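Colleague: Before anything else, here's the structure in question.
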Amino acid sequence: MIREKLASLVFALAAGVGALPVYAESGWDQLNMTRGVTHISREIYGLHMRIFWICVAIGVVVFGLMIWSIINYRKSKGAVPDVTLVHNTKVEFAWTIVPIIILVVMAVPAAKTLIEIEDTTRSELTIKVTGFQWGWQYDYLDDGVAYYSRLDHQSDAARELASGIDPNTVPHYLLNVDHPFVVPVDTKVRLLVTGADVIHSWWVPAFGVKKDAIPGFVNEAWFKIDRDKPGLYRGQCAELCGRDHGFMPIVVDARSREDFAAWLKQKAAEQKQAAAPATPAGTPAGAAGNAPTAAPTSVASAASGAGSS
């Protein structure tokens with residue numbers, strides 16, 4: 001009878017688990033750090049997991065000894081405390097040397113990863129990132145391209161009080177922008193991060209990058225997205241930068257090298273054309289810039305008279 005009840009309970013639990021939404025199946029994965037799509041993000045993840053399991057091992061040993069001591073040396077079993085033991089050289093030596101060894105084992109890979117995080121040498125593309133209230137400006141320093149990236153209009157409208165817009169109907173609510181940050185894959189991208197007003201923080205978890213944007217200072221960061229990982233990656237400002245801090249998302253559009261080169265060329269041409277001075281009406285295009293400037297009549301007549309005399 002008991003076995004039948006247990007079996008029915010197991011089947012009911014299994015059916016309930018099978019009926020859970022798909023997103024719940026990956027709930028445990030969302031509690032941990034992401035592996036990311038860059039080499040450095042995976043290095044950070046690997047370091048995190050190594051340190052985590054070292055901490056788990058230390059916890060198991062320490063709490064295991066505590067529980068074992070509590071059970072085996074409890075008063076109900078007739079244990080009598082030893083009040084004469086005040087010093088044990090071997091024990092003190094062990095609990096001093098063992099933590100030092102553990103710290104060294106943890107410090108060596110941590111230092112290696114930290115050095116790699118700060119190594120911006122051999123970069124192939126340099127972009128200046130400026131945080132402002134509340135958005136981002138991206139300057140492609142070697143190509144003359146610059147633009148702003150702010151919260152997209154749909155999210156901005158839905159977030160307003162009494163807007164009447166259901167946020168659930170807005171794609172990527174509060175995590176979308178009007179102009180994504182376009183970068184190439186398989187390219188070491190160097191970021192020069194600064195702030196225009198208050199302290200911001202440029203954070204994209206999938207890249208393993210989180211760098212403060214401080215007014216008056218320029219911080220460096222870098223990432224290199226895997227060749228086979230183009231797509232959209234989202235992040236946010238991770239600094240409390242003011243009233244609308246929660247509406248300052250980051251969207252990175254990772255493209256192939258070829259697509260990025262074509263986009264950059266087109267963007268540079270558009271911005272160059274927009275910055276060109278307007279041509280007066282009725283003047284053929286290029287005529288104003290190519291035709292030589294004629295001397296005023298009075299100046300020309302004076303020069304002619306001086307030559308004939």
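By order of appearance in the structure tokens: chains A, B, ..., then residues from 1 within every chain, and ligands from 1 in the order shown.
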Taking the DSSP assignment computed from this structure's backbone, write out as an NGL selection string all residues of region 11-258 of chain A that belong to strand (DSSP E).

Modeller: :A and (125-132 or 135-140 or 145-149 or 181-184 or 189-195 or 200-204 or 209-213 or 219-223 or 231-237 or 249-255)

Colleague: Write to file, as a PDB file, in the first residue's frame, the residues of the selection just made, with C-alpha atoms.

Modeller:
ATOM      1  CA  LEU A 125      39.717  48.454 -33.440  1.00  0.00           C
ATOM      2  CA  THR A 126      39.516  51.323 -30.932  1.00  0.00           C
ATOM      3  CA  ILE A 127      36.176  52.838 -29.944  1.00  0.00           C
ATOM      4  CA  LYS A 128      35.512  55.597 -27.421  1.00  0.00           C
ATOM      5  CA  VAL A 129      32.473  54.985 -25.204  1.00  0.00           C
ATOM      6  CA  THR A 130      31.012  57.976 -23.360  1.00  0.00           C
ATOM      7  CA  GLY A 131      28.241  57.574 -20.813  1.00  0.00           C
ATOM      8  CA  PHE A 132      25.785  60.393 -20.224  1.00  0.00           C
ATOM      9  CA  GLY A 135      22.550  56.925 -22.824  1.00  0.00           C
ATOM     10  CA  TRP A 136      25.815  56.165 -24.584  1.00  0.00           C
ATOM     11  CA  GLN A 137      27.897  57.760 -27.312  1.00  0.00           C
ATOM     12  CA  TYR A 138      30.137  55.620 -29.524  1.00  0.00           C
ATOM     13  CA  ASP A 139      33.066  57.159 -31.434  1.00  0.00           C
ATOM     14  CA  TYR A 140      34.951  55.007 -33.944  1.00  0.00           C
ATOM     15  CA  VAL A 145      31.942  57.671 -37.194  1.00  0.00           C
ATOM     16  CA  ALA A 146      30.060  58.715 -34.046  1.00  0.00           C
ATOM     17  CA  TYR A 147      26.473  58.333 -32.882  1.00  0.00           C
ATOM     18  CA  TYR A 148      24.289  58.198 -29.774  1.00  0.00           C
ATOM     19  CA  SER A 149      22.464  55.178 -28.373  1.00  0.00           C
ATOM     20  CA  PHE A 181      26.587  49.420 -30.820  1.00  0.00           C
ATOM     21  CA  VAL A 182      27.917  47.685 -33.960  1.00  0.00           C
ATOM     22  CA  VAL A 183      31.178  45.709 -33.725  1.00  0.00           C
ATOM     23  CA  PRO A 184      32.842  42.915 -35.720  1.00  0.00           C
ATOM     24  CA  VAL A 189      38.008  45.652 -29.835  1.00  0.00           C
ATOM     25  CA  ARG A 190      39.541  48.176 -27.440  1.00  0.00           C
ATOM     26  CA  LEU A 191      37.175  50.461 -25.544  1.00  0.00           C
ATOM     27  CA  LEU A 192      38.106  53.854 -24.120  1.00  0.00           C
ATOM     28  CA  VAL A 193      35.410  54.418 -21.511  1.00  0.00           C
ATOM     29  CA  THR A 194      34.649  57.796 -19.954  1.00  0.00           C
ATOM     30  CA  GLY A 195      31.718  59.815 -18.632  1.00  0.00           C
ATOM     31  CA  HIS A 200      28.283  55.322 -15.293  1.00  0.00           C
ATOM     32  CA  SER A 201      29.351  51.719 -15.891  1.00  0.00           C
ATOM     33  CA  TRP A 202      29.408  49.926 -19.252  1.00  0.00           C
ATOM     34  CA  TRP A 203      28.453  46.319 -18.550  1.00  0.00           C
ATOM     35  CA  VAL A 204      27.771  43.474 -20.994  1.00  0.00           C
ATOM     36  CA  VAL A 209      33.291  43.413 -19.515  1.00  0.00           C
ATOM     37  CA  LYS A 210      32.228  45.870 -16.817  1.00  0.00           C
ATOM     38  CA  LYS A 211      34.080  49.174 -16.815  1.00  0.00           C
ATOM     39  CA  ASP A 212      33.269  52.419 -15.012  1.00  0.00           C
ATOM     40  CA  ALA A 213      32.764  55.561 -17.101  1.00  0.00           C
ATOM     41  CA  ASN A 219      39.389  53.595 -18.535  1.00  0.00           C
ATOM     42  CA  GLU A 220      40.334  50.819 -20.933  1.00  0.00           C
ATOM     43  CA  ALA A 221      38.616  47.509 -21.633  1.00  0.00           C
ATOM     44  CA  TRP A 222      38.574  45.007 -24.465  1.00  0.00           C
ATOM     45  CA  PHE A 223      36.695  42.047 -25.864  1.00  0.00           C
ATOM     46  CA  GLY A 231      24.117  38.426 -32.965  1.00  0.00           C
ATOM     47  CA  LEU A 232      22.664  40.843 -30.426  1.00  0.00           C
ATOM     48  CA  TYR A 233      24.017  41.021 -26.872  1.00  0.00           C
ATOM     49  CA  ARG A 234      22.440  43.115 -24.150  1.00  0.00           C
ATOM     50  CA  GLY A 235      23.706  44.865 -21.063  1.00  0.00           C
ATOM     51  CA  GLN A 236      22.971  47.842 -18.842  1.00  0.00           C
ATOM     52  CA  CYS A 237      24.579  50.659 -16.936  1.00  0.00           C
ATOM     53  CA  PRO A 249      20.455  49.764 -21.660  1.00  0.00           C
ATOM     54  CA  ILE A 250      23.265  48.595 -23.930  1.00  0.00           C
ATOM     55  CA  VAL A 251      22.721  46.582 -27.107  1.00  0.00           C
ATOM     56  CA  VAL A 252      25.719  45.289 -29.054  1.00  0.00           C
ATOM     57  CA  ASP A 253      25.190  44.179 -32.643  1.00  0.00           C
ATOM     58  CA  ALA A 254      28.019  41.744 -33.451  1.00  0.00           C
ATOM     59  CA  ARG A 255      28.470  41.255 -37.190  1.00  0.00           C
TER      60      ARG A 255
END

Colleague: Among region 20-269 of chain A, which residues carry a DSSP assignment of helix (DSSP H, G or I), reported as an MDAnalysis selection string?

Modeller: chainID A and resid 22:25 29:31 39:72 75:77 89:117 153:158 167:169 205:207 245:247 257:269

Colleague: Nearest residue to Thr187 (chain A) out of A:Thr38, A:Thr84, A:Gln133, A:Thr89, using only C-alpha atoms?

Modeller: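 Nearest candidate to Thr187 (chain A) out of A:Thr38, A:Thr84, A:Gln133, A:Thr89: A:Thr38.
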
Colleague: Applying 8 Å and only C-alpha atoms, which residues near Phe207 (chain A) remain after dropping the ones on its own chain fewer than 5 positions away? List them as number ranges by chain.

Modeller: A: 36-38, 40-41, 223-225

Colleague: In Å to one decimal, how far is CA of Ile102 (chain A) from CA of Asn72 (chain A)?

Modeller: 28.4 Å

Colleague: Between A:Val218, A:Leu240, A:Leu175, A:Met33, which residue has the minimum interatomic distance to Val198 (chain A), considering only C-alpha atoms?

Modeller: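 For Val198 (chain A), the nearest of the given residues is A:Leu240.
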
Colleague: Quick one, how far is CA of Asp197 (chain A) from CA of Trp134 (chain A)?

Modeller: 9.9 Å
